[in-house]
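As provided, query21.csv (CSV, C-alpha atoms and all ligand atoms) reads as follows.
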```csv
chain,number,residue,atom,x,y,z
A,274,MET,CA,129.4,109.8,123.2
A,275,LYS,CA,126.7,112.4,124.1
A,276,ILE,CA,124.2,114.5,122.2
A,277,ILE,CA,125.2,118.1,122.7
A,278,ASN,CA,123.0,120.0,120.3
A,279,CYS,CA,119.8,119.5,118.2
A,280,LYS,CA,118.3,121.8,115.6
A,281,THR,CA,115.9,122.0,112.7
A,282,ILE,CA,116.9,123.5,109.4
A,283,ILE,CA,114.0,124.7,107.2
A,284,THR,CA,114.6,125.3,103.6
A,285,CYS,CA,112.6,125.9,100.5
A,286,PRO,CA,114.6,125.1,97.3
A,287,GLY,CA,111.3,125.0,95.3
A,288,ARG,CA,109.3,123.4,98.1
A,289,ASN,CA,109.6,123.3,101.9
A,290,PHE,CA,111.8,120.7,103.8
A,291,VAL,CA,112.4,120.3,107.5
A,292,THR,CA,115.6,118.6,108.5
A,293,VAL,CA,116.7,117.5,111.9
A,294,LYS,CA,120.4,117.8,112.8
A,295,ILE,CA,121.8,116.1,115.9
A,296,GLU,CA,125.4,116.9,117.0
A,297,THR,CA,127.6,115.0,119.4
A,298,ASP,CA,130.5,115.8,121.7
A,299,GLU,CA,132.8,113.8,119.4
A,300,GLY,CA,132.0,115.9,116.3
A,301,VAL,CA,129.9,113.2,114.6
A,302,TYR,CA,126.5,114.4,113.5
A,303,GLY,CA,123.4,112.9,111.9
A,304,ILE,CA,120.5,114.3,109.9
A,305,GLY,CA,116.9,113.2,109.4
A,306,ASP,CA,114.0,114.3,107.3
A,307,ALA,CA,111.0,115.7,109.3
A,308,THR,CA,108.9,117.2,106.5
A,309,LEU,CA,105.1,117.1,106.7
A,310,ASN,CA,103.7,118.7,103.6
A,311,GLY,CA,101.5,121.7,104.4
A,312,ARG,CA,102.0,121.3,108.2
A,313,GLU,CA,105.8,121.8,108.4
A,314,LEU,CA,105.9,124.3,111.3
A,315,ALA,CA,103.8,122.1,113.6
A,316,VAL,CA,106.5,119.5,113.4
A,317,VAL,CA,109.2,122.1,114.0
A,318,ALA,CA,107.5,123.4,117.1
A,319,TYR,CA,107.0,119.8,118.4
A,320,LEU,CA,110.7,119.1,117.9
A,321,GLU,CA,112.1,122.3,119.3
A,322,GLU,CA,109.7,122.8,122.2
A,323,HIS,CA,109.1,119.2,123.3
A,324,LEU,CA,111.6,116.7,122.0
A,325,PHE,CA,115.0,118.3,121.6
A,326,PRO,CA,115.2,119.3,125.3
A,327,CYS,CA,114.8,115.6,126.2
A,328,LEU,CA,117.8,114.6,124.1
A,329,ILE,CA,120.6,116.7,125.4
A,330,GLY,CA,123.2,114.6,127.3
A,331,ARG,CA,121.8,111.2,126.0
A,332,ASP,CA,123.9,108.5,124.3
A,333,PRO,CA,123.0,108.6,120.6
A,334,ALA,CA,123.8,104.9,120.3
A,335,GLN,CA,120.6,104.0,122.3
A,336,ILE,CA,118.3,104.4,119.3
A,337,GLU,CA,115.6,102.0,120.6
A,338,ASP,CA,115.5,103.4,124.1
A,339,ILE,CA,115.3,107.0,122.7
A,340,TRP,CA,112.5,105.9,120.3
A,341,GLN,CA,110.5,104.3,123.2
A,342,TYR,CA,111.2,107.3,125.4
A,343,LEU,CA,109.8,109.8,122.8
A,344,TYR,CA,106.8,107.5,121.8
A,345,ARG,CA,105.7,106.1,125.2
A,346,GLY,CA,107.0,109.0,127.2
A,347,ALA,CA,104.8,111.5,125.5
A,348,TYR,CA,101.6,109.9,127.0
A,349,TRP,CA,99.8,111.4,123.9
A,350,ARG,CA,100.9,108.8,121.3
A,351,ARG,CA,100.8,108.6,117.5
A,352,GLY,CA,99.5,111.1,114.9
A,353,PRO,CA,101.4,112.5,111.9
A,354,VAL,CA,103.0,115.5,113.7
A,355,THR,CA,104.4,113.3,116.6
A,356,MET,CA,105.5,110.5,114.4
A,357,THR,CA,107.2,112.7,111.8
A,358,ALA,CA,109.1,114.4,114.6
A,359,ILE,CA,110.2,111.1,116.0
A,360,ALA,CA,111.2,109.9,112.5
A,361,GLY,CA,113.4,112.9,112.0
A,362,ILE,CA,115.3,112.1,115.2
A,363,ASP,CA,115.4,108.4,114.6
A,364,THR,CA,116.8,108.8,111.1
A,365,ALA,CA,119.5,111.2,112.4
A,366,LEU,CA,120.5,108.6,115.1
A,367,TRP,CA,120.8,105.8,112.6
A,368,ASP,CA,123.0,108.1,110.5
A,369,ILE,CA,125.2,108.7,113.5
A,370,LYS,CA,125.4,105.0,114.2
A,371,GLY,CA,126.5,104.3,110.7
A,372,LYS,CA,129.1,107.0,110.7
A,373,VAL,CA,130.5,105.8,114.1
A,374,ALA,CA,130.6,102.2,112.8
A,375,GLY,CA,132.0,103.3,109.4
A,376,LEU,CA,129.2,101.3,107.7
A,377,PRO,CA,126.4,102.1,105.3
A,378,LEU,CA,123.0,101.9,107.0
A,379,TYR,CA,121.9,98.8,105.1
A,380,GLU,CA,124.8,96.9,106.7
A,381,LEU,CA,123.5,97.8,110.2
A,382,LEU,CA,120.1,96.5,109.3
A,383,GLY,CA,121.3,93.1,108.1
A,384,GLY,CA,123.1,93.7,104.8
A,385,ARG,CA,122.1,93.7,101.2
A,386,SER,CA,119.2,91.6,100.0
A,387,ARG,CA,119.4,92.9,96.4
A,388,ASP,CA,121.6,94.7,94.0
A,389,GLY,CA,119.3,97.6,93.3
A,390,VAL,CA,115.9,99.0,94.3
A,391,MET,CA,113.2,98.9,91.6
A,392,VAL,CA,111.5,102.3,91.5
A,393,TYR,CA,108.4,103.7,89.7
A,394,GLY,CA,108.2,107.1,88.1
A,395,HIS,CA,105.2,109.3,87.4
A,396,ALA,CA,103.8,109.7,83.9
A,397,ASN,CA,100.9,112.0,83.6
A,398,GLY,CA,99.0,114.1,81.1
A,399,VAL,CA,95.9,116.3,80.7
A,400,GLU,CA,94.7,113.8,78.1
A,401,ILE,CA,95.2,110.1,77.5
A,402,GLU,CA,97.6,110.7,74.5
A,403,GLU,CA,99.7,113.0,76.6
A,404,THR,CA,100.0,110.3,79.3
A,405,VAL,CA,101.0,107.8,76.6
A,406,ASP,CA,103.8,110.1,75.5
A,407,GLU,CA,105.0,110.5,79.0
A,408,VAL,CA,105.0,106.8,79.7
A,409,ALA,CA,107.2,106.4,76.5
A,410,LYS,CA,109.7,108.9,78.0
A,411,TYR,CA,110.0,106.9,81.2
A,412,ILE,CA,110.4,103.7,79.2
A,413,ASP,CA,113.3,105.5,77.3
A,414,LEU,CA,114.8,106.5,80.6
A,415,GLY,CA,115.0,102.8,81.5
A,416,TYR,CA,112.1,102.6,84.1
A,417,LYS,CA,110.6,99.1,84.7
A,418,ALA,CA,107.6,100.5,86.5
A,419,ILE,CA,105.5,103.6,85.8
A,420,ARG,CA,102.6,105.2,87.5
A,421,ALA,CA,100.1,106.6,85.0
A,422,GLN,CA,97.6,109.4,85.9
A,423,CYS,CA,95.4,111.4,83.5
A,424,GLY,CA,93.1,114.4,83.5
A,425,VAL,CA,89.4,113.5,83.5
A,426,PRO,CA,87.1,115.0,80.8
A,427,GLY,CA,84.7,117.5,82.4
A,428,LEU,CA,86.9,118.2,85.4
A,429,PRO,CA,89.1,121.3,85.3
A,430,SER,CA,92.0,119.7,87.2
A,431,THR,CA,92.8,116.4,88.9
A,432,TYR,CA,95.2,114.9,91.3
A,433,GLY,CA,98.4,113.7,89.8
A,434,VAL,CA,98.4,115.8,86.6
A,435,ALA,CA,101.4,118.1,86.8
A,436,LYS,CA,102.3,121.4,85.2
A,437,ASP,CA,105.9,120.6,85.3
A,438,LYS,CA,105.9,116.9,84.4
A,439,MET,CA,109.0,115.6,86.1
A,440,TYR,CA,108.7,117.5,89.4
A,441,TYR,CA,105.1,117.3,90.5
A,442,GLU,CA,104.3,119.4,93.5
A,443,PRO,CA,100.7,119.6,94.5
A,444,ALA,CA,101.3,122.1,97.4
A,445,ASP,CA,101.0,125.0,95.1
A,446,ALA,CA,99.3,127.9,96.9
A,447,GLU,CA,99.5,130.1,100.0
A,448,LEU,CA,96.0,129.0,100.9
A,449,PRO,CA,94.5,125.7,99.7
A,450,SER,CA,93.4,125.8,96.0
A,451,GLU,CA,90.1,124.1,95.3
A,452,ASN,CA,89.7,121.1,92.9
A,453,VAL,CA,86.4,119.6,91.7
A,454,TRP,CA,85.7,115.9,91.7
A,455,SER,CA,83.3,113.5,90.0
A,456,THR,CA,83.6,109.8,90.8
A,457,GLU,CA,81.4,108.9,87.9
A,458,LYS,CA,83.5,110.8,85.3
A,459,TYR,CA,86.7,109.4,86.7
A,460,MET,CA,85.6,105.8,86.8
A,461,LYS,CA,84.5,105.9,83.2
A,462,HIS,CA,87.8,107.3,82.0
A,463,VAL,CA,90.5,105.4,83.9
A,464,PRO,CA,90.0,102.0,82.2
A,465,GLN,CA,90.3,103.7,78.8
A,466,LEU,CA,93.7,105.1,79.9
A,467,PHE,CA,95.1,101.6,80.8
A,468,GLU,CA,93.5,99.9,77.7
A,469,ARG,CA,95.4,102.4,75.5
A,470,LEU,CA,98.6,102.0,77.5
A,471,ARG,CA,98.6,98.2,77.2
A,472,ASP,CA,97.6,98.4,73.6
A,473,LYS,CA,100.6,100.6,72.8
A,474,PHE,CA,103.3,99.2,75.1
A,475,GLY,CA,102.2,95.6,75.8
A,476,PHE,CA,102.8,93.9,79.1
A,477,ASP,CA,106.5,94.2,79.7
A,478,HIS,CA,106.4,97.1,82.1
A,479,HIS,CA,104.7,97.4,85.4
A,480,LEU,CA,101.9,100.0,85.5
A,481,LEU,CA,100.5,101.5,88.7
A,482,HIS,CA,97.7,103.9,89.5
A,483,ASP,CA,96.9,106.2,92.4
A,484,VAL,CA,93.2,106.8,93.2
A,485,HIS,CA,94.2,109.2,96.0
A,486,HIS,CA,91.5,108.2,98.6
A,487,ARG,CA,88.5,109.0,96.4
A,488,LEU,CA,86.2,106.0,96.1
A,489,THR,CA,83.9,104.0,98.4
A,490,PRO,CA,84.7,100.3,98.9
A,491,ILE,CA,82.1,99.1,96.4
A,492,GLN,CA,83.3,101.6,93.8
A,493,ALA,CA,86.9,100.5,94.4
A,494,GLY,CA,85.8,96.9,93.9
A,495,ARG,CA,84.3,97.8,90.6
A,496,LEU,CA,87.3,99.9,89.4
A,497,GLY,CA,89.6,97.1,90.4
A,498,LYS,CA,87.6,94.7,88.4
A,499,ASP,CA,87.4,97.0,85.3
A,500,LEU,CA,91.2,97.3,85.5
A,501,GLU,CA,91.9,93.5,85.8
A,502,PRO,CA,92.6,92.9,82.1
A,503,TYR,CA,95.4,95.5,82.2
A,504,ARG,CA,97.3,93.7,85.0
A,505,LEU,CA,98.2,96.6,87.2
A,506,PHE,CA,101.1,96.3,89.6
A,507,TRP,CA,98.8,98.0,92.1
A,508,MET,CA,95.8,100.3,92.6
A,509,GLU,CA,96.8,102.7,95.4
A,510,ASP,CA,94.7,104.4,98.1
A,511,ALA,CA,91.4,103.3,96.5
A,512,VAL,CA,89.5,104.5,99.6
A,513,PRO,CA,90.3,106.6,102.6
A,514,ALA,CA,91.7,104.0,105.0
A,515,GLU,CA,90.5,105.2,108.5
A,516,ASN,CA,88.3,102.1,108.4
A,517,GLN,CA,90.6,99.1,107.8
A,518,GLU,CA,87.6,96.8,107.7
A,519,SER,CA,86.4,98.4,104.5
A,520,PHE,CA,89.2,96.8,102.5
A,521,ARG,CA,87.5,93.5,102.9
A,522,LEU,CA,84.7,94.6,100.5
A,523,ILE,CA,87.2,95.7,97.8
A,524,ARG,CA,89.1,92.4,98.2
A,525,GLN,CA,85.9,90.4,97.7
A,526,HIS,CA,85.4,92.0,94.3
A,527,THR,CA,88.8,92.2,92.6
A,528,THR,CA,92.2,90.6,92.1
A,529,THR,CA,93.9,93.9,91.2
A,530,PRO,CA,96.6,94.2,93.9
A,531,LEU,CA,95.9,96.9,96.5
A,532,ALA,CA,98.4,99.3,98.0
A,533,VAL,CA,97.9,101.8,100.9
A,534,GLY,CA,99.7,103.5,103.7
A,535,GLU,CA,101.4,106.8,102.7
A,536,ILE,CA,99.5,108.7,105.3
A,537,PHE,CA,99.7,106.0,108.0
A,538,ASN,CA,102.0,106.8,110.9
A,539,THR,CA,102.1,103.6,113.0
A,540,ILE,CA,101.8,99.9,112.8
A,541,PHE,CA,98.4,100.2,114.4
A,542,ASP,CA,97.1,102.0,111.3
A,543,CYS,CA,97.7,98.9,109.2
A,544,GLN,CA,97.6,96.0,111.7
A,545,GLN,CA,94.3,94.6,110.5
A,546,LEU,CA,95.0,95.3,106.8
A,547,ILE,CA,98.1,93.2,107.1
A,548,THR,CA,97.1,90.4,109.4
A,549,GLU,CA,93.8,89.8,107.5
A,550,GLN,CA,95.7,90.0,104.2
A,551,LEU,CA,93.4,92.8,102.9
A,552,ILE,CA,96.3,94.5,101.0
A,553,ASP,CA,99.3,93.5,98.9
A,554,TYR,CA,101.6,96.5,99.5
A,555,ILE,CA,102.2,98.6,102.5
A,556,ARG,CA,103.4,102.1,101.6
A,557,THR,CA,104.4,103.6,104.9
A,558,THR,CA,107.7,105.4,104.7
A,559,VAL,CA,110.6,106.5,106.9
A,560,VAL,CA,109.6,110.1,107.5
A,561,HIS,CA,105.9,109.7,108.3
A,562,ALA,CA,106.0,106.3,110.1
A,563,GLY,CA,108.4,106.9,113.0
A,564,GLY,CA,111.7,106.4,111.3
A,565,ILE,CA,113.7,103.3,110.5
A,566,THR,CA,113.1,101.8,113.9
A,567,HIS,CA,109.3,101.7,113.4
A,568,LEU,CA,109.2,101.0,109.7
A,569,ARG,CA,111.2,97.9,110.3
A,570,ARG,CA,108.6,96.7,112.7
A,571,ILE,CA,105.8,97.3,110.1
A,572,ALA,CA,107.7,95.5,107.4
A,573,ASN,CA,108.5,92.5,109.6
A,574,LEU,CA,104.8,92.1,110.5
A,575,ALA,CA,103.9,92.5,106.8
A,576,ASP,CA,106.4,89.8,105.8
A,577,LEU,CA,104.4,87.2,107.9
A,578,TYR,CA,101.3,87.9,105.8
A,579,HIS,CA,102.8,88.1,102.2
A,580,VAL,CA,102.5,91.9,102.2
A,581,ARG,CA,105.4,93.6,100.5
A,582,THR,CA,106.7,97.2,100.9
A,583,GLY,CA,106.2,100.0,98.5
A,584,SER,CA,107.3,103.1,100.3
A,585,HIS,CA,106.0,106.6,99.4
A,586,GLY,CA,108.6,108.7,97.7
A,587,ALA,CA,106.9,111.9,96.4
A,588,THR,CA,108.9,115.1,96.2
A,589,ASP,CA,107.7,116.3,99.6
A,590,LEU,CA,109.9,113.5,101.1
A,591,SER,CA,113.4,115.1,101.1
A,592,PRO,CA,116.5,113.4,99.7
A,593,VAL,CA,117.4,112.6,103.3
A,594,CYS,CA,114.2,110.4,103.5
A,595,MET,CA,114.9,109.0,100.1
A,596,GLY,CA,118.5,108.1,101.1
A,597,ALA,CA,117.4,106.4,104.3
A,598,ALA,CA,114.5,104.6,102.5
A,599,LEU,CA,116.9,103.2,99.9
A,600,HIS,CA,119.1,101.7,102.6
A,601,PHE,CA,116.0,100.2,104.1
A,602,ASP,CA,114.8,98.9,100.7
A,603,THR,CA,118.3,97.4,100.0
A,604,TRP,CA,117.9,95.3,103.2
A,605,VAL,CA,114.2,94.6,103.7
A,606,PRO,CA,113.4,91.0,102.7
A,607,ASN,CA,109.8,91.6,101.6
A,608,PHE,CA,110.7,94.6,99.4
A,609,GLY,CA,108.1,95.3,96.6
A,610,ILE,CA,108.9,98.7,95.0
A,611,GLN,CA,110.0,102.2,95.8
A,612,GLU,CA,108.2,105.4,94.5
A,613,TYR,CA,110.7,107.8,93.0
A,614,MET,CA,109.6,111.3,92.1
A,615,ARG,CA,112.6,113.3,91.1
A,616,HIS,CA,113.7,116.3,93.1
A,617,THR,CA,114.6,119.6,91.3
A,618,PRO,CA,118.3,120.3,90.7
A,619,GLU,CA,118.0,123.1,93.4
A,620,THR,CA,116.9,120.5,96.0
A,621,ASP,CA,119.6,118.0,94.9
A,622,GLU,CA,122.2,120.7,95.4
A,623,VAL,CA,121.0,121.6,99.0
A,624,PHE,CA,121.1,117.9,99.9
A,625,PRO,CA,124.3,116.3,98.5
A,626,HIS,CA,123.7,112.5,98.3
A,627,ASP,CA,125.4,109.3,97.0
A,628,TYR,CA,122.4,107.4,95.7
A,629,HIS,CA,122.0,107.1,91.9
A,630,PHE,CA,119.5,105.9,89.3
A,631,LYS,CA,120.4,103.3,86.6
A,632,ASP,CA,118.2,101.2,84.3
A,633,GLY,CA,115.1,101.4,86.4
A,634,TYR,CA,116.8,100.9,89.8
A,635,LEU,CA,118.0,103.3,92.5
A,636,HIS,CA,121.2,102.3,94.2
A,637,ALA,CA,122.0,103.3,97.8
A,638,GLY,CA,125.6,104.5,98.1
A,639,SER,CA,128.2,103.0,100.3
A,640,LYS,CA,129.1,106.0,102.5
A,641,PRO,CA,128.7,105.5,106.2
A,642,GLY,CA,125.2,106.3,107.5
A,643,HIS,CA,122.5,107.0,105.0
A,644,GLY,CA,124.8,109.0,102.7
A,645,VAL,CA,122.8,112.2,102.5
A,646,ASP,CA,124.0,115.6,103.9
A,647,ILE,CA,122.7,119.1,103.9
A,648,ASP,CA,124.6,122.2,102.7
A,649,GLU,CA,123.4,124.7,105.4
A,650,THR,CA,124.8,127.8,103.7
A,651,LEU,CA,122.9,127.0,100.5
A,652,ALA,CA,119.8,125.9,102.5
A,653,ALA,CA,119.7,129.4,104.1
A,654,ARG,CA,119.3,131.0,100.7
A,655,TYR,CA,115.9,129.5,100.3
A,656,PRO,CA,113.6,130.7,103.2
A,657,TYR,CA,110.4,128.9,104.2
A,658,LYS,CA,107.3,129.8,102.1
A,659,PRO,CA,103.8,128.8,103.3
A,660,ALA,CA,102.3,126.3,100.9
A,661,TYR,CA,99.2,124.2,101.2
A,662,LEU,CA,97.9,121.1,99.5
A,663,PRO,CA,94.6,121.6,97.6
A,664,VAL,CA,91.2,120.7,98.9
A,665,ASN,CA,88.5,118.9,96.9
A,666,ARG,CA,84.8,119.5,96.4
A,667,LEU,CA,82.1,117.5,94.5
A,668,GLU,CA,80.5,119.2,91.6
A,669,ASP,CA,77.6,120.4,93.9
A,670,GLY,CA,80.1,122.0,96.3
A,671,THR,CA,80.2,119.3,99.0
A,672,MET,CA,83.7,119.0,100.7
A,673,TYR,CA,85.4,115.7,99.6
A,674,ASN,CA,88.7,113.9,100.1
A,675,TRP,CA,91.6,115.3,98.1
A,701,LIG,C1,102.0,109.8,96.0
A,701,LIG,C2,101.2,110.7,96.8
A,701,LIG,C3,101.6,112.1,96.7
A,701,LIG,C4,100.9,113.0,97.8
A,701,LIG,C5,101.8,114.0,98.4
A,701,LIG,C6,101.1,114.8,99.5
A,701,LIG,O1,101.5,108.7,95.8
A,701,LIG,O2,103.1,110.1,95.6
A,701,LIG,O3,99.8,110.4,96.8
A,701,LIG,O4,101.4,112.7,95.5
A,701,LIG,O5,99.7,113.6,97.3
A,701,LIG,O6,102.9,113.3,98.9
A,701,LIG,O7,102.0,115.6,100.1
A,702,MG,MG,99.7,108.3,96.7
```
Would you mind writing the file's structure down as C-alpha cells?
Amino acid sequence: MKIINCKTIITCPGRNFVTVKIETDEGVYGIGDATLNGRELAVVAYLEEHLFPCLIGRDPAQIEDIWQYLYRGAYWRRGPVTMTAIAGIDTALWDIKGKVAGLPLYELLGGRSRDGVMVYGHANGVEIEETVDEVAKYIDLGYKAIRAQCGVPGLPSTYGVAKDKMYYEPADAELPSENVWSTEKYMKHVPQLFERLRDKFGFDHHLLHDVHHRLTPIQAGRLGKDLEPYRLFWMEDAVPAENQESFRLIRQHTTTPLAVGEIFNTIFDCQQLITEQLIDYIRTTVVHAGGITHLRRIANLADLYHVRTGSHGATDLSPVCMGAALHFDTWVPNFGIQEYMRHTPETDEVFPHDYHFKDGYLHAGSKPGHGVDIDETLAARYPYKPAYLPVNRLEDGTMYNW
C-alpha cells in the first residue's frame, strides 16, 4: 500500500478546524485533526509546503518510521506548529492502520482497559450562584466530574465564563480582544465558589478548576492550600509552565492535585515535571503533542511516576481529535480523566462520529480506526474565518498571560 495523496480541509462550522486527509492507492483513507487555535494557517502551510511532499509514495503502515522522519528529519524540532502538523498525519495513519486491520484503534494499542472514559464538563457563570445552577445542570446530565469557573467581582470578563454556556469558544474576535486581570481579586473569590459548591452538593462529585496560567508559584501554593478543604480533583495550569522547576514550590505548599500540559507539545516539556513527581495529571493531547505515537510515550513515562492522564478536550480540538483521544483513553493504563466540551450541532454534522456520552462517561465506538469521518461537501459550506484568542492585561495596562 502506498500514500498517493494528502490534503488539508479547513472548515468553520462555528469555529475553525484543520483536518488532514491521507489517501492510499487501495482506496483506504485516514483523517487526523491538525487544529491550532488562532494559528491555524501556519499549520496548514507547514503541512502543505513541507510535510505532504515527503509522504507521497510511502507505506502508510510504517507509522513509527514516518513519525521519526518528520520529527528528526526536520532538523528544527518541536514547537506547537510542527508537532500539531505531525499529529494530524500520525492520527490519519493510525486511522488507516485500523481500517486495514478492521479493528478499532484501542485494539491496536493493546485493547480495552475500561468500559468507559470518565469525562468532565464545564460549568460556569458570571456570579457564584449562576455557576451553582450550571453545576446542577451537569449533575442532572449524569456527569461525575465538573469543572467550575466563575466571573470575578471587579473584573469585566474572565477566562472560562462563556456567553453560550454549553459551547464555550474563547477565540471570539478577528483581532485579539483584551481582558483585564487582577490576581488579588481572583484569589479572594475562588475559595468562596468552592465553599458554596461543596456546601450545596456535598462531596459525591469531582470538582475541577482551571487557573489558566495566571499565578506565580507561591500564589499557586497559597490558592492550592485555600482550596484543600474542598478536595478538588485538580487545580489546572496554576502557573505558566515554561519553568518546570517552579512546580516544586507549589508542591511544597499544597496537597491539592496539580494538572498541566494542554499547551505542551513534546515529552521534553514535561520530563522533569513527571520524573520529579511535581504533578499528578498530564494534560497533553493527541493533536498538540505529536499524535498517538508521541502521546503514548508521554503516558508511559508518566505511569512510572504515578502521574495519570487528563487530556485537553476543549472545543478547539475537533471531533477527530476527540475520537482518537477516546480510543487512547480506553486503552491507556494510567488514565485519569478526559475533558469534554461539547461541540455545536453544526460541528457534529460536519464530523460524523461513533462515540457517545452516557452517565458521565464517553464511549469510543467499535468502527475500524478512530471512528470519525468528515463530510467534505458540508465542510465546504463553512469557509475559514480568522479568529484570535484574547490577550490579557493587568489593571495598570501591563501585558499578562491569558
Ligand atoms: C481548557 C483550556 C481551553 C483553552 C483553549 C485555547 O482547559 O479547556 O484551557 O479553554 O483556553 O483550548 O484554545
Ligand atoms: Mg485549561
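Closest to A:Glu649 among A:Val623, A:Tyr613, A:Val664, A:Lys275 is A:Val623, based on only C-alpha atoms.
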- Got a sec: who's within 12 Å of A:Leu414, counting all atoms listed in the file, leaving out chain neighbours fewer than 4 positions off, as a ChimeraX atom specification? /A:393-394,396,407-410,418-419,630-634
Write the selection just made, keeping C-alpha atoms, as an mmCIF file, in the coordinates of the input?
```cif
data_model
loop_
_atom_site.group_PDB
_atom_site.id
_atom_site.type_symbol
_atom_site.label_atom_id
_atom_site.label_comp_id
_atom_site.auth_asym_id
_atom_site.auth_seq_id
_atom_site.Cartn_x
_atom_site.Cartn_y
_atom_site.Cartn_z
ATOM 1 C CA TYR A 393 108.400 103.700 89.700
ATOM 2 C CA GLY A 394 108.200 107.100 88.100
ATOM 3 C CA ALA A 396 103.800 109.700 83.900
ATOM 4 C CA GLU A 407 105.000 110.500 79.000
ATOM 5 C CA VAL A 408 105.000 106.800 79.700
ATOM 6 C CA ALA A 409 107.200 106.400 76.500
ATOM 7 C CA LYS A 410 109.700 108.900 78.000
ATOM 8 C CA ALA A 418 107.600 100.500 86.500
ATOM 9 C CA ILE A 419 105.500 103.600 85.800
ATOM 10 C CA PHE A 630 119.500 105.900 89.300
ATOM 11 C CA LYS A 631 120.400 103.300 86.600
ATOM 12 C CA ASP A 632 118.200 101.200 84.300
ATOM 13 C CA GLY A 633 115.100 101.400 86.400
ATOM 14 C CA TYR A 634 116.800 100.900 89.800
#
```
Contact table stretch 565-657 of chain A vs stretch 536-550 of chain A, cut-off 10 Å, shortest pair per residue, only C-alpha atoms, as a tab-separated table:
```
residue	atom	partner	partner_atom	distance
A:His567	CA	A:Thr539	CA	7.5
A:Leu568	CA	A:Ile540	CA	8.1
A:Arg569	CA	A:Ile540	CA	9.9
A:Arg570	CA	A:Ile540	CA	7.5
A:Ile571	CA	A:Ile540	CA	5.5
A:Ala572	CA	A:Ile540	CA	9.1
A:Leu574	CA	A:Ile547	CA	7.6
A:Ala575	CA	A:Ile547	CA	5.8
A:Asp576	CA	A:Ile547	CA	9.1
A:Leu577	CA	A:Thr548	CA	8.1
A:Tyr578	CA	A:Thr548	CA	6.1
A:His579	CA	A:Gln550	CA	7.6
A:Val580	CA	A:Ile547	CA	6.7
A:Arg581	CA	A:Ile547	CA	9.8
A:His585	CA	A:Ile536	CA	9.0
```
- Query: Using only C-alpha atoms, which of A:Phe467, A:Trp675, A:Tyr554, A:Tyr503 sits nearest A:Thr404?
  - Reply: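 The answer is A:Phe467, which sits nearest to A:Thr404.
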- d(atom CA of A:Arg654, atom CA of A:Ala587) in Å: 23.2 Å
- Test item: residues lying within 10 Å of ligand LIG 701 (chain A) with all atoms listed in the file, as a ChimeraX atom specification: /A:308-312,394-395,420,432-434,441-444,482-486,509-510,533-536,556,584-590,612-614,661-663,675
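If all atoms listed in the file are the atoms counted, then among A:Ala652, A:Leu667, A:Ala421, A:Leu635 the closest residue to ligand MG 702 (chain A) is A:Ala421.
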- Task: Dump as a PyMOL selection string all residues having an atom at most 6 Å from (113.2, 117.7, 108.7), computed in the file's coordinates with all atoms listed in the file.
- Result: chain A and resi 290-293+305-308+361
- Task: Work out how far atom CA of A:Arg385 is from atom CA of A:Trp604, in Å to one decimal.
- Result: 4.9 Å
Counting only C-alpha atoms, what is within 6 Å of stretch 627-629 of chain A, bar same-chain residues fewer than 2 positions away, as a short mmCIF file (atom, residue, chain, number, x, y, z; two decimals) with C-alpha atoms, in the frame of the given file?
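To be explicit, this is the file written out as out_23.cif:
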```cif
data_model
loop_
_atom_site.label_atom_id
_atom_site.label_comp_id
_atom_site.auth_asym_id
_atom_site.auth_seq_id
_atom_site.Cartn_x
_atom_site.Cartn_y
_atom_site.Cartn_z
CA LEU A 635 118.00 103.30 92.50
CA HIS A 636 121.20 102.30 94.20
CA ALA A 637 122.00 103.30 97.80
CA GLY A 638 125.60 104.50 98.10
CA GLY A 644 124.80 109.00 102.70
#
```
- Item | Distance query 9 Å from (115.2, 109.2, 114.2) using all atoms listed in the file, result as a count of residues only | 23
- Among the residues A:Met595, A:Ala514, A:Ala653, A:Ala532, the one that comes closest to A:Gly583 [using all atoms listed in the file]: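 For A:Gly583, the nearest of the candidates is A:Ala532.
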- atom CA of A:Tyr344 to atom CA of A:Tyr657 measures 27.9 Å
- Counting all atoms listed in the file, closest pick from A:Glu468, A:Leu448, A:Ala562, A:Ile412 relative to A:Gly352 is A:Ala562
- Message: My list of candidates is A:Leu470, A:Val392, A:Leu505, A:Leu500. Which is closest to A:His526 when distances are computed with only C-alpha atoms?
- Response: A:Leu500
- Contacts of A:Gly670 within 12 Å, only C-alpha atoms, excl. fewer than 6 positions in-chain, as a count of residues only: 6
- What lies within 8 Å of A:Ala493 using all atoms listed in the file, ignoring chain neighbours under 6 positions off, as an MDAnalysis selection string? chainID A and resid 511:512 523
- Excluding same-chain residues fewer than 6 positions from A:Pro333, what lies within 8 Å of it counting all atoms listed in the file, as an MDAnalysis selection string? chainID A and resid 274:276 297 366 369:370
